[in-house]
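So this block is my_file-v2.tsv, TSV, C-alpha atoms and all ligand atoms:
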```tsv
chain	number	residue	atom	x	y	z
F	27	MET	CA	114.58	137.23	131.92
F	28	ALA	CA	113.55	137.59	128.30
F	29	SER	CA	110.48	135.56	127.50
F	30	ARG	CA	110.62	135.40	123.68
F	31	ALA	CA	114.33	134.77	123.32
F	32	THR	CA	115.96	131.42	122.84
F	33	HIS	CA	117.51	130.26	126.05
F	34	VAL	CA	121.24	129.65	126.13
F	35	CYS	CA	120.99	128.21	129.60
F	36	LEU	CA	118.07	125.87	129.59
F	37	CYS	CA	118.32	125.00	133.28
F	38	CYS	CA	117.94	128.59	134.39
F	39	ARG	CA	116.07	129.97	131.36
F	40	VAL	CA	118.69	132.62	130.55
F	41	SER	CA	118.90	134.06	127.04
F	42	ALA	CA	121.83	135.44	125.08
F	43	GLU	CA	120.30	138.89	125.50
F	44	ASP	CA	120.19	138.42	129.29
F	45	ILE	CA	123.93	137.69	129.23
F	46	ARG	CA	124.64	140.63	126.92
F	47	GLU	CA	122.66	142.93	129.20
F	48	ALA	CA	124.54	141.67	132.27
F	49	VAL	CA	127.82	142.67	130.63
F	50	LEU	CA	126.82	145.90	128.91
F	51	GLN	CA	124.42	147.33	131.44
F	52	ARG	CA	125.08	145.65	134.77
F	53	GLY	CA	128.87	145.56	134.84
F	54	ALA	CA	129.50	141.80	134.75
F	55	ARG	CA	132.88	141.00	133.21
F	56	ASN	CA	133.32	137.28	133.80
F	57	LEU	CA	131.41	134.03	134.17
F	58	GLU	CA	131.10	134.31	137.92
F	59	ALA	CA	129.54	137.77	137.74
F	60	VAL	CA	127.17	136.80	134.93
F	61	ALA	CA	126.18	133.68	136.85
F	62	ARG	CA	125.49	135.75	139.95
F	63	LEU	CA	123.35	138.26	138.04
F	64	THR	CA	121.48	135.92	135.71
F	65	GLY	CA	121.74	132.42	137.16
F	66	ALA	CA	123.27	131.16	133.91
F	67	ALA	CA	125.69	128.25	134.24
F	68	THR	CA	124.77	127.50	137.83
F	69	ALA	CA	123.23	124.06	137.43
F	70	CYS	CA	124.37	121.36	134.98
F	71	LEU	CA	127.10	123.63	133.47
F	72	SER	CA	126.57	122.30	129.93
F	73	CYS	CA	126.05	125.90	128.76
F	74	GLN	CA	129.26	127.19	130.31
F	75	ASP	CA	131.30	127.41	127.08
F	76	GLU	CA	128.51	129.17	125.23
F	77	VAL	CA	127.98	131.61	128.10
F	78	GLU	CA	131.72	132.35	128.14
F	79	ASN	CA	131.64	133.01	124.39
F	80	LEU	CA	128.69	135.37	124.79
F	81	ILE	CA	130.50	137.22	127.57
F	82	GLN	CA	133.55	137.67	125.35
F	83	SER	CA	131.37	138.91	122.46
F	84	ALA	CA	129.64	141.42	124.72
F	85	ARG	CA	132.98	142.58	126.13
F	86	GLN	CA	134.24	143.09	122.58
F	87	GLU	CA	131.11	145.07	121.79
F	88	LEU	CA	131.74	147.18	124.89
F	89	ARG	CA	135.37	147.84	123.86
F	90	GLU	CA	134.28	148.89	120.39
F	91	ALA	CA	131.64	151.21	121.81
F	92	GLN	CA	134.24	152.74	124.10
F	93	LYS	CA	136.46	153.41	121.08
F	94	GLY	CA	133.59	155.20	119.39
F	95	GLN	CA	133.32	152.62	116.67
F	96	PRO	CA	129.96	151.48	115.37
F	97	LEU	CA	128.51	148.47	117.15
F	98	LEU	CA	128.21	145.19	115.33
F	99	PRO	CA	124.96	143.33	115.70
F	100	PHE	CA	124.97	140.83	118.56
F	101	LEU	CA	124.09	137.35	117.39
T	201	LIG	S1	122.04	124.65	130.70
T	201	LIG	FE1	122.95	126.20	131.89
T	201	LIG	S2	123.31	125.29	133.81
T	201	LIG	FE2	122.31	123.73	132.64
```

How would this structure read if it were set down as C-alpha cells?
Amino acid sequence: MASRATHVCLCCRVSAEDIREAVLQRGARNLEAVARLTGAATACLSCQDEVENLIQSARQELREAQKGQPLLPFL
C-alpha cells in the first residue's frame, strides 16, 4: 500500500492510488475484486461509496486509454 498517500479506507489503510492500480494494473472491475486485492471496504464499510466512485473513475480512465484518447489526471 502507498505510504504517503491519503487513505480512502482508513480501516485498511488503502489509498485512492491503490484502488486505481487495482483497476488499471491488476484487472479489478468491481468493488468485490478491489476489496479482495486491496482490503478496501472490508471492515466498517463507511468508505464503500468513495471506493465505488474511484473504481468508476479508474474504469473511465481505462476506457479512454483503450480509445487512444489522452488520459485525464486521476484525482
Ligand atoms: S474505512 Fe474502509 S472499511 Fe472502514

Within 12 Å of ligand LIG 201 (chain T) (counting all atoms listed in the file), which residues show up? I'd like them as a PyMOL selection string. chain F and resi 33-42+45+57+60-61+64-78

All residues 9 Å or closer to F:Ala59, only C-alpha atoms, same chain fewer than 5 positions away omitted, as a ChimeraX atom specification: /F:48-49,53-54,64

Box in all listed atoms of stretch 76-95 of chain F, axis-aligned, with 5 Å more on each side; write out centre and edge lengths in Å to one decimal as AutoDock Vina command-line options.
```
--center_x 132.2 --center_y 142.2 --center_z 122.4 --size_x 18.5 --size_y 36.0 --size_z 21.5
```

Residue among F:Gln86, F:Leu80, F:Asn56, F:Gln92 lying closest to F:Asp44, counting all atoms listed in the file: F:Leu80

Report the distance between atom CA of F:Arg85 and atom CA of F:Leu50 in Å, rounded to one decimal place.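 Between atom CA of F:Arg85 and atom CA of F:Leu50 the gap is 7.5 Å.
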
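Nearest to F:Ile81 of all the residues F:Arg52, F:Lys93, F:Arg46, F:Arg62 is F:Arg46, counting all atoms listed in the file.
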
Counting all atoms listed in the file, the option among F:Thr32, F:Gln82, F:Glu87, F:Glu43 closest to F:Arg55: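 Result for the nearest residue to F:Arg55: F:Gln82.
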